[in-house]
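To start, the structure under review is shown below, and the notes come after it.
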Amino acid sequence: MLETIMNILDTVIRAIGSAYDEAWAIRCVIFSALGIWTFHLVTYRIIGFFFTRKFKPTENKHKYAICIAARNEETVIGNLIASIKNQDYPSELITIFVVADNCTDSTAKVARDMGAVCYERFDNEHKTKGFALQYLFKNIEKDYGTDSFEGYFVFDADNLLNSDYITRMNEAFDEGEKIITSYRNTKNFDECWLASTYALHWLRSIRYRHRPRSVLRLATNIQGTGFLFASELVKNGWNYTSLTEDRAFTADAVAMGYPISYCDAAMFYDEQPTSLKIALRQRLRWSKGHLMAFAETGPSLLMNVLIGPRYIEDAKVIKKNVRYHCKTKPQGFWRRMLEQVRFRWASFDTLAQLFPTAVVKVFVWLVVSVFMHACLYYSTGISAEAIFRESNTLSKLLKQIFGPVLISAEPGVVAMMLSVFLTFMWNSIGRFYYHIRSMLTAVYVFIVEHKKIIKIPFYKKILYTITWPTMDAIGRWTTYFALFMKVEWKPIPHNSTVTIEEIEKASEEMVVKK
């Protein structure tokens, strides 16, 4: 019986191995197709290095509501509200709303004492930030009317705003932009290596995503906090309650034809996690929410790319959104054609950001490069296979150091196991080489954003450059785990008591020294 089973396994393994060449050809086609999602990003990076969209000063002052979802944030929420009250924008045009969500501390009291309108919510079943915002907008509609405000800001309780933040965002809003995100800086950049990875990530997003897309009038992505949108987007309430409400909001807005712009002159500060356990939990939630946003909105974005704005059911939305959102409507055939291209490209661009490329690649790699390649070697054996392939600079360096190390094995299980070992080793070397190259991104960010980053000792910049690649590595692995895990939303604790006055004073001292 055992011999029969072994013979069957031998036949199956050899059959799988015989199909390796065809599978490799298919793998090459898939990887080439996946390259379509990223072929344009180099152009974005070049644009982001040189340009960003700028908005003209305006005398028009719009009326805004500021929405803050807070859970046990008594330590930091007072500093945020103080920075809002310190704005150089007319205070009578700003109303601060706080939803104290399942709080067991004095968050609500602090918010009310600081002059905010505070609603308390207690619901242990629906825990995400999206549900808290949904509750808040329901109360705003009931007590004030959603249309009482022209636009809505969304902040986290740990944020701090530069004194001209709302003025700068108002300039973009006055030019007709319906959704605007802003410059996300970090108030605890140099607290530890982990906080620095987040800080560099947000700054990379500014250069690689926000700046170029705003210049091209496309749609960048909302990233959790520090954004403004027109009241028309919540005329039917806030409907984004998933693990990552920002991803869902972005995808849905783009699917409906809204551009999402970026205001480089409006800066706010955010607190980053310093605990690896909390960071992993947060990144896992991001990854799960990312996959959910693709599943929910991906089909609509694809239909936009293939069919265009005719796919949108609401004709009024088409008329309003499938253009530049300027004060004057586009005129003429070519202008309308250009807008069609912009709309389709923005949908494609957002779809590309949501598409789980890493998941597809690792699946194809496991099936073809690991499993089927091992089956091939089971049949053919290994004949003088080089341990260090000259596939990248690191591999060439290792070959120079250790020489042309070769490995051989007779057909069978040993050759199969050695194949798996070699494949994982080659992948590890390639991945490590990629991480070394990605350190250049940290160097780039430190150079181009040095005027806006808080003062950091040079030795720490070197350390943060070395640790920076862990940001993408963690993101990749949490995406794999998110496929199979049930993820729950949990709050991120914030403890930094730094104020906007302290940050601005430190910035002024840096300018004086320079």
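Labels used: A, B, ... for chains in the order of the structure tokens, numbers from 1 for residues in each chain, and numbers from 1 for ligands as shown.
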Restrict the calculation to only C-alpha atoms, then for each residue of region 92-182 of chain A with any atom at most 8 Å from an atom of region 214-238 of chain A give the closest atom pair and their distance in Å to one decimal, rows by chain and rising residue number, as a Markdown table.
| residue | atom | partner | partner_atom | distance |
| --- | --- | --- | --- | --- |
| A:Gly130 | CA | A:Trp238 | CA | 7.8 |
| A:Leu133 | CA | A:Trp238 | CA | 6.7 |
| A:Gln134 | CA | A:Trp238 | CA | 4.8 |
| A:Phe137 | CA | A:Gly237 | CA | 6.1 |
| A:Lys138 | CA | A:Gly237 | CA | 6.6 |
| A:Thr146 | CA | A:Ser231 | CA | 6.7 |
| A:Asp147 | CA | A:Ser231 | CA | 6.3 |
| A:Phe149 | CA | A:Ser231 | CA | 6.7 |
| A:Glu150 | CA | A:Ser231 | CA | 5.4 |
| A:Gly151 | CA | A:Ala230 | CA | 4.3 |
| A:Tyr152 | CA | A:Phe229 | CA | 5.5 |
| A:Phe153 | CA | A:Leu228 | CA | 4.4 |
| A:Val154 | CA | A:Phe227 | CA | 5.7 |
| A:Phe155 | CA | A:Thr225 | CA | 4.8 |
| A:Asp156 | CA | A:Thr225 | CA | 6.0 |
| A:Met169 | CA | A:Leu228 | CA | 7.7 |
| A:Lys178 | CA | A:Ala230 | CA | 5.1 |
| A:Ile179 | CA | A:Phe229 | CA | 4.3 |
| A:Ile180 | CA | A:Leu228 | CA | 5.2 |
| A:Thr181 | CA | A:Phe227 | CA | 4.2 |
| A:Ser182 | CA | A:Gly226 | CA | 6.0 |
### Query
Any idea what's packed within 8 Å of region 356-371 of chain A, counting only C-alpha atoms, ignoring anything in its chain fewer than 6 positions away? Could you give it as an NGL selection string?
:A and (20 or 23-24 or 27 or 31 or 34 or 291 or 294 or 419-420 or 423-424 or 476 or 479-480)
Now that the selection is made, can you save its residues with all heavy atoms as a compact mmCIF listing (two decimals), in the first residue's frame?
# COMPACT_ATOMS: atom_id res chain seq x y z
N TYR A 20 6.91 22.82 -15.67
CA TYR A 20 7.54 24.01 -15.10
C TYR A 20 7.81 25.09 -16.14
O TYR A 20 7.56 26.28 -15.89
CB TYR A 20 8.86 23.63 -14.41
CG TYR A 20 9.65 24.82 -13.94
CD1 TYR A 20 9.27 25.52 -12.80
CD2 TYR A 20 10.77 25.27 -14.65
CE1 TYR A 20 9.98 26.63 -12.37
CE2 TYR A 20 11.48 26.38 -14.24
CZ TYR A 20 11.09 27.05 -13.09
OH TYR A 20 11.78 28.15 -12.68
N ALA A 23 4.73 26.90 -16.94
CA ALA A 23 4.31 27.71 -15.78
C ALA A 23 5.19 28.94 -15.63
O ALA A 23 4.72 30.03 -15.28
CB ALA A 23 4.38 26.86 -14.51
N TRP A 24 6.49 28.80 -15.92
CA TRP A 24 7.40 29.94 -15.83
C TRP A 24 7.03 31.00 -16.86
O TRP A 24 7.10 32.21 -16.56
CB TRP A 24 8.83 29.49 -16.03
CG TRP A 24 9.82 30.62 -15.94
CD1 TRP A 24 10.40 31.29 -16.97
CD2 TRP A 24 10.30 31.23 -14.75
NE1 TRP A 24 11.22 32.28 -16.50
CE2 TRP A 24 11.18 32.27 -15.13
CE3 TRP A 24 10.08 30.99 -13.39
CZ2 TRP A 24 11.85 33.06 -14.20
CZ3 TRP A 24 10.74 31.80 -12.47
CH2 TRP A 24 11.61 32.81 -12.87
N ARG A 27 4.12 32.77 -15.49
CA ARG A 27 4.58 33.64 -14.40
C ARG A 27 5.15 34.93 -14.94
O ARG A 27 4.89 36.02 -14.41
CB ARG A 27 5.63 32.90 -13.58
CG ARG A 27 6.28 33.77 -12.50
CD ARG A 27 7.77 33.65 -12.61
NE ARG A 27 8.46 34.42 -11.60
CZ ARG A 27 9.23 35.47 -11.85
NH1 ARG A 27 9.41 35.90 -13.08
NH2 ARG A 27 9.85 36.10 -10.86
N PHE A 31 3.74 38.67 -14.08
CA PHE A 31 4.59 39.70 -13.50
C PHE A 31 4.70 40.91 -14.42
O PHE A 31 4.76 42.05 -13.95
CB PHE A 31 5.97 39.14 -13.19
CG PHE A 31 6.06 38.47 -11.85
CD1 PHE A 31 5.12 37.54 -11.46
CD2 PHE A 31 7.08 38.77 -10.96
CE1 PHE A 31 5.19 36.92 -10.23
CE2 PHE A 31 7.17 38.16 -9.72
CZ PHE A 31 6.21 37.22 -9.35
N LEU A 34 1.50 42.81 -13.96
CA LEU A 34 1.51 43.54 -12.70
C LEU A 34 2.36 44.80 -12.79
O LEU A 34 2.14 45.77 -12.06
CB LEU A 34 2.02 42.64 -11.57
CG LEU A 34 1.11 41.48 -11.17
CD1 LEU A 34 1.80 40.60 -10.14
CD2 LEU A 34 -0.22 41.99 -10.64
N LEU A 291 -7.34 45.51 1.85
CA LEU A 291 -7.93 44.41 1.09
C LEU A 291 -9.45 44.56 0.98
O LEU A 291 -10.04 44.30 -0.08
CB LEU A 291 -7.58 43.08 1.75
CG LEU A 291 -6.09 42.70 1.75
CD1 LEU A 291 -5.85 41.47 2.63
CD2 LEU A 291 -5.60 42.44 0.34
N PHE A 294 -10.37 47.26 -1.58
CA PHE A 294 -10.23 46.75 -2.95
C PHE A 294 -11.42 45.89 -3.32
O PHE A 294 -11.98 46.03 -4.42
CB PHE A 294 -8.94 45.94 -3.09
CG PHE A 294 -8.82 45.24 -4.41
CD1 PHE A 294 -8.53 45.94 -5.56
CD2 PHE A 294 -9.02 43.87 -4.49
CE1 PHE A 294 -8.45 45.29 -6.79
CE2 PHE A 294 -8.92 43.21 -5.70
CZ PHE A 294 -8.64 43.92 -6.86
N SER A 419 16.40 22.48 -3.73
CA SER A 419 15.78 23.47 -4.61
C SER A 419 15.00 24.51 -3.80
O SER A 419 15.10 25.72 -4.05
CB SER A 419 14.85 22.78 -5.60
OG SER A 419 14.06 23.73 -6.29
N VAL A 420 14.23 24.03 -2.82
CA VAL A 420 13.47 24.95 -1.96
C VAL A 420 14.43 25.87 -1.20
O VAL A 420 14.21 27.09 -1.11
CB VAL A 420 12.57 24.16 -0.99
CG1 VAL A 420 11.91 25.11 0.01
CG2 VAL A 420 11.52 23.37 -1.75
N THR A 423 15.92 28.47 -3.59
CA THR A 423 14.93 29.47 -4.01
C THR A 423 14.69 30.50 -2.91
O THR A 423 14.64 31.71 -3.17
CB THR A 423 13.59 28.79 -4.38
OG1 THR A 423 13.83 27.84 -5.42
CG2 THR A 423 12.59 29.82 -4.87
N PHE A 424 14.56 30.03 -1.67
CA PHE A 424 14.36 30.95 -0.56
C PHE A 424 15.61 31.80 -0.32
O PHE A 424 15.51 32.98 0.02
CB PHE A 424 13.98 30.18 0.71
CG PHE A 424 12.51 29.93 0.84
CD1 PHE A 424 11.95 28.75 0.37
CD2 PHE A 424 11.68 30.88 1.42
CE1 PHE A 424 10.58 28.51 0.49
CE2 PHE A 424 10.32 30.66 1.54
CZ PHE A 424 9.76 29.47 1.07
N ARG A 476 4.30 44.43 4.09
CA ARG A 476 4.15 43.29 3.20
C ARG A 476 3.70 42.05 3.97
O ARG A 476 2.78 41.34 3.57
CB ARG A 476 5.48 43.01 2.49
CG ARG A 476 5.39 41.96 1.39
CD ARG A 476 6.68 41.81 0.63
NE ARG A 476 7.75 41.24 1.46
CZ ARG A 476 8.74 41.93 1.98
NH1 ARG A 476 8.82 43.24 1.79
NH2 ARG A 476 9.67 41.34 2.71
N THR A 479 0.14 42.16 5.29
CA THR A 479 -0.82 41.91 4.21
C THR A 479 -1.04 40.42 4.03
O THR A 479 -2.18 39.97 3.84
CB THR A 479 -0.32 42.53 2.90
OG1 THR A 479 -0.19 43.94 3.05
CG2 THR A 479 -1.30 42.25 1.76
N TYR A 480 0.02 39.64 4.09
CA TYR A 480 -0.12 38.19 3.96
C TYR A 480 -0.98 37.63 5.10
O TYR A 480 -1.89 36.82 4.87
CB TYR A 480 1.26 37.50 4.00
CG TYR A 480 2.23 37.96 2.94
CD1 TYR A 480 3.60 37.92 3.16
CD2 TYR A 480 1.78 38.46 1.71
CE1 TYR A 480 4.51 38.34 2.20
CE2 TYR A 480 2.68 38.89 0.74
CZ TYR A 480 4.04 38.83 0.99
OH TYR A 480 4.93 39.25 0.04
### Separation of CA of Ile278 (chain A) from CA of Ile474 (chain A), in Å and rounded to one decimal
12.5 Å
Contact residues around region 459-473 of chain A with only C-alpha atoms at 8 Å, ignoring same-chain residues under 2 positions, as a compact mmCIF listing (two decimals) with N, CA and C atoms, in the first residue's frame:
# COMPACT_ATOMS: atom_id res chain seq x y z
N ASP A 190 11.93 61.85 16.44
CA ASP A 190 13.18 61.30 16.95
C ASP A 190 13.03 60.55 18.27
N TRP A 193 13.31 54.55 16.74
CA TRP A 193 13.42 54.14 15.34
C TRP A 193 12.06 53.83 14.74
N SER A 196 10.20 56.89 13.72
CA SER A 196 10.84 57.48 12.53
C SER A 196 10.39 56.80 11.25
N THR A 197 10.12 55.47 11.30
CA THR A 197 9.68 54.79 10.07
C THR A 197 8.33 55.33 9.61
N TYR A 198 7.44 55.58 10.56
CA TYR A 198 6.15 56.19 10.23
C TYR A 198 6.35 57.60 9.67
N LEU A 200 8.92 58.97 8.20
CA LEU A 200 9.48 58.93 6.84
C LEU A 200 8.45 58.43 5.83
N HIS A 201 7.59 57.53 6.27
CA HIS A 201 6.53 57.02 5.39
C HIS A 201 5.60 58.14 4.95
N HIS A 435 16.08 46.12 0.14
CA HIS A 435 16.01 46.94 1.35
C HIS A 435 17.19 47.90 1.45
N ILE A 436 18.37 47.44 1.02
CA ILE A 436 19.53 48.34 1.02
C ILE A 436 19.28 49.51 0.09
N SER A 438 16.41 50.69 -0.80
CA SER A 438 15.33 51.53 -0.30
C SER A 438 15.80 52.52 0.75
N MET A 439 16.97 52.27 1.35
CA MET A 439 17.52 53.24 2.29
C MET A 439 17.74 54.59 1.62
N LEU A 440 17.96 54.55 0.31
CA LEU A 440 18.15 55.81 -0.42
C LEU A 440 16.92 56.69 -0.34
N ALA A 442 15.05 57.09 2.33
CA ALA A 442 15.18 57.84 3.58
C ALA A 442 16.17 58.99 3.42
N VAL A 443 17.28 58.73 2.75
CA VAL A 443 18.27 59.79 2.51
C VAL A 443 17.63 60.91 1.70
N PHE A 446 15.19 62.94 3.91
CA PHE A 446 15.91 63.80 4.86
C PHE A 446 16.49 65.03 4.17
N ILE A 456 17.12 66.78 14.20
CA ILE A 456 17.47 65.41 14.61
C ILE A 456 18.98 65.25 14.53
N PRO A 457 19.63 64.71 15.55
CA PRO A 457 21.08 64.48 15.50
C PRO A 457 21.46 63.62 14.29
N GLY A 475 4.69 46.02 6.35
CA GLY A 475 3.48 46.16 5.57
C GLY A 475 3.23 44.97 4.67
N ARG A 476 4.30 44.43 4.09
CA ARG A 476 4.15 43.29 3.20
C ARG A 476 3.70 42.05 3.97
N TRP A 477 4.33 41.80 5.13
CA TRP A 477 4.00 40.60 5.89
C TRP A 477 2.62 40.71 6.55
### Message
Just checking: using only C-alpha atoms, which residue out of A:Lys54, A:Lys490, A:Arg344, A:Arg45 ends up closest to Glu175 (chain A)?
### Response
A:Lys54
### Message
If we count only C-alpha atoms and set the cut-off at 8 Å, which residues sit around region 243-253 of chain A, ignoring sequence neighbours fewer than 6 positions away in its own chain? Please answer as a ChimeraX atom specification.
### Response
/A:128-130,221-224,259,285-286,288-290,293,297-298,301,350-351,488-489
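The shortest atom-to-atom distance to Arg437 (chain A), with only C-alpha atoms taken into account, belongs to A:Thr393 out of A:Asp349, A:Thr75, A:Thr393, A:Ile84.
Distances from A:Cys375, A:Pro491, A:Leu398, A:Ala482 to Leu9 (chain A) were compared using only C-alpha atoms, and the smallest one belongs to A:Cys375.
CA of Tyr183 (chain A) lies 5.8 Å from CA of Ala266 (chain A).
Residues of region 128-164 of chain A assigned to strand (DSSP E or B) by DSSP on this structure's backbone: Gly151, Tyr152, Phe153, Val154, Phe155, Asp156, Leu160 and Leu161 of chain A.
Remark: for Met114 (chain A), the closest of the candidate residues A:Phe97, A:Tyr240, A:Phe173, A:Phe131 is A:Phe97 (distances computed over only C-alpha atoms).
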### Message
Taking only region 187-234 of chain A into account, list the residues labelled alpha helix (DSSP H) by DSSP (computed from the backbone), as a list of chain:residue names.
### Response
A:Trp193, A:Leu194, A:Ala195, A:Ser196, A:Thr197, A:Tyr198, A:Ala199, A:Leu200, A:His201, A:Trp202, A:Leu203, A:Arg204, A:Ser205, A:Arg211, A:Pro212, A:Arg213, A:Ser214, A:Val215
### Query
In Å, how far is it from CA of Glu504 (chain A) to CA of Asp164 (chain A)?
11.7 Å
### Task
May I ask which of the residues A:Tyr119, A:Tyr262, A:Phe189, A:Tyr269 is the closest one to Arg168 (chain A), counting only C-alpha atoms?
A:Tyr262
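Nearest residue to Met372 (chain A) among A:Asp174, A:Arg336, A:Met416, A:Glu449 is A:Met416, counting only C-alpha atoms.
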So that I can check the surroundings of Leu418 (chain A), please list as a compact mmCIF listing (two decimals) with C-alpha atoms, in the first residue's frame every protein, DNA and RNA residue that reaches within 10 Å of it, counting only C-alpha atoms and ignoring chain neighbours fewer than 3 positions away.
# COMPACT_ATOMS: atom_id res chain seq x y z
CA ALA A 374 11.29 21.79 -6.66
CA TYR A 377 14.63 19.23 -9.68
CA TYR A 378 13.08 16.10 -8.18
CA GLY A 381 18.45 16.59 -10.10
CA ILE A 382 20.78 19.55 -9.55
CA ILE A 407 25.91 22.59 -5.64
CA SER A 408 24.83 19.27 -7.15
CA ALA A 409 22.38 16.53 -6.18
CA VAL A 413 13.84 14.20 -2.45
CA VAL A 414 17.24 15.67 -1.56
CA ALA A 415 17.35 17.63 -4.82
CA PHE A 421 16.48 26.07 0.08
CA LEU A 422 18.13 27.74 -2.94
CA THR A 423 14.93 29.47 -4.01
CA PHE A 424 14.36 30.95 -0.56
